[in-house]
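**Student:** Coordinates in my_file-v5.cif, mmCIF, C-alpha atoms and all ligand atoms, are listed below.
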```cif
data_query
loop_
_atom_site.label_atom_id
_atom_site.label_comp_id
_atom_site.auth_asym_id
_atom_site.auth_seq_id
_atom_site.Cartn_x
_atom_site.Cartn_y
_atom_site.Cartn_z
CA MET A 911 0.00 0.00 0.00
CA PRO A 912 1.58 3.29 -1.01
CA TYR A 913 2.13 5.96 1.57
CA PRO A 914 0.19 9.17 1.05
CA THR A 915 3.37 11.16 0.63
CA ALA A 916 1.61 14.24 -0.67
CA SER A 917 -0.14 14.88 2.63
CA ALA A 918 2.41 13.36 4.99
CA PRO A 919 4.79 15.61 6.90
CA GLN A 920 7.68 16.27 4.62
CA ALA A 921 10.90 14.57 5.40
CA PRO A 922 13.93 16.81 5.31
CA GLU A 923 15.36 16.97 1.84
CA THR A 924 18.91 16.29 0.90
CA ILE A 925 20.22 18.70 -1.67
CA HIS A 926 23.47 18.24 -3.52
CA THR A 927 25.25 21.36 -4.63
CA HIS A 928 28.63 22.47 -5.84
CA LEU A 929 28.42 25.72 -3.89
CA VAL A 930 30.10 26.18 -0.53
CA GLU A 931 27.53 28.82 0.32
CA VAL A 932 23.90 28.03 -0.25
CA SER A 933 20.73 29.93 0.40
CA CYS A 934 17.57 28.36 1.67
CA ASP A 935 14.12 29.81 2.04
CA GLY A 936 12.35 26.57 2.73
CA GLY A 937 10.90 26.23 -0.70
CA GLU A 938 7.24 25.69 -1.17
CA GLY A 939 4.30 26.17 1.12
CA ALA A 940 4.28 25.62 4.85
CA LEU A 941 7.99 25.01 5.06
CA GLY A 942 8.84 28.46 3.79
CA HIS A 943 11.01 30.61 6.03
CA PRO A 944 13.12 33.74 5.79
CA ARG A 945 15.98 33.24 3.40
CA VAL A 946 19.16 32.29 5.12
CA TYR A 947 22.64 31.77 3.80
CA LEU A 948 24.47 28.71 4.97
CA HIS A 949 28.12 27.83 4.69
CA MET A 950 29.31 24.29 4.29
CA ASP A 951 31.29 23.06 7.22
CA GLU A 952 34.62 21.30 6.86
CA THR A 953 32.90 18.05 6.01
CA GLY A 954 31.03 19.62 3.10
CA ARG A 955 27.64 19.49 4.74
CA VAL A 956 25.31 22.02 6.28
CA GLU A 957 21.82 21.67 7.62
CA CYS A 958 19.25 24.42 7.44
CA PRO A 959 18.21 25.35 10.98
CA TYR A 960 14.73 26.24 9.81
CA CYS A 961 13.59 23.39 7.64
CA ASP A 962 16.25 20.75 8.31
CA ARG A 963 17.23 20.45 4.71
CA LEU A 964 20.63 18.92 4.40
CA PHE A 965 22.96 20.43 1.83
CA ILE A 966 25.85 18.30 0.70
CA LEU A 967 28.79 19.62 -1.24
CA ASP A 968 29.53 17.80 -4.44
CA GLY A 969 33.27 17.96 -4.86
CA ASP A 970 34.72 18.35 -8.31
CA GLY A 971 37.57 15.95 -7.85
CA GLY A 972 35.52 13.30 -6.13
CA HIS A 973 34.26 10.09 -7.50
ZN ZN B 1001 15.60 25.93 4.96
#
```
Is it possible to give me this structure as structure tokens?

**Tutor:**
Amino acid sequence: MPYPTASAPQAPETIHTHLVEVSCDGGEGALGHPRVYLHMDETGRVECPYCDRLFILDGDGGH
């Protein structure tokens, strides 16, 4: 039986980016929040304190 994902509470997204500074405004609807700028930490990850989105840095020399 499929989960009703459209109406379920949204799980935090994981967003891959090549930028070390990202901006997040929560995206659509109820999760929207004031735009914030987030810097990747030394592990190449940063989590939005508002909407819990996880941004992961895609390195250029990586896999
Ligand atoms: Zn956010």

**Student:** Which residues of chain A come within 6 Å of ligand ZN 1001 (chain B), and what is each one's closest atom pair and distance in Å (one decimal), counting all atoms listed in the file, sorted by chain and residue number, as CSV?

**Tutor:**
```
residue,atom,partner,partner_atom,distance
A:Cys934,CA,B:ZN1001,ZN,4.5
A:Asp935,CA,B:ZN1001,ZN,5.1
A:Gly936,CA,B:ZN1001,ZN,4.0
A:Cys958,CA,B:ZN1001,ZN,4.7
A:Tyr960,CA,B:ZN1001,ZN,4.9
A:Cys961,CA,B:ZN1001,ZN,4.2
A:Arg963,CA,B:ZN1001,ZN,5.7
```

**Student:** By how many Å are atom CA of Arg955 of chain A and atom CA of Glu938 of chain A apart?

**Tutor:**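 About the pair atom CA of Arg955 of chain A and atom CA of Glu938 of chain A: they are 22.1 Å apart.
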
**Student:** Give me the residues within 10 Å of His926 of chain A as a PyMOL selection string, counting only C-alpha atoms and dropping any in the same chain fewer than 5 places off.

**Tutor:** chain A and resi 955+964-969

**Student:** Take the residues that were just selected and, keeping C-alpha atoms, output them as an mmCIF file, in the coordinates of the input.

**Tutor:**
```cif
data_model
loop_
_atom_site.group_PDB
_atom_site.id
_atom_site.type_symbol
_atom_site.label_atom_id
_atom_site.label_comp_id
_atom_site.auth_asym_id
_atom_site.auth_seq_id
_atom_site.Cartn_x
_atom_site.Cartn_y
_atom_site.Cartn_z
ATOM 1 C CA ARG A 955 27.640 19.490 4.740
ATOM 2 C CA LEU A 964 20.630 18.920 4.400
ATOM 3 C CA PHE A 965 22.960 20.430 1.830
ATOM 4 C CA ILE A 966 25.850 18.300 0.700
ATOM 5 C CA LEU A 967 28.790 19.620 -1.240
ATOM 6 C CA ASP A 968 29.530 17.800 -4.440
ATOM 7 C CA GLY A 969 33.270 17.960 -4.860
#
```

**Student:** To one decimal place, how far is atom CA of Tyr947 of chain A from atom CA of Glu923 of chain A in Å?

**Tutor:**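 Distance reported for this atom pair: 16.6 Å.
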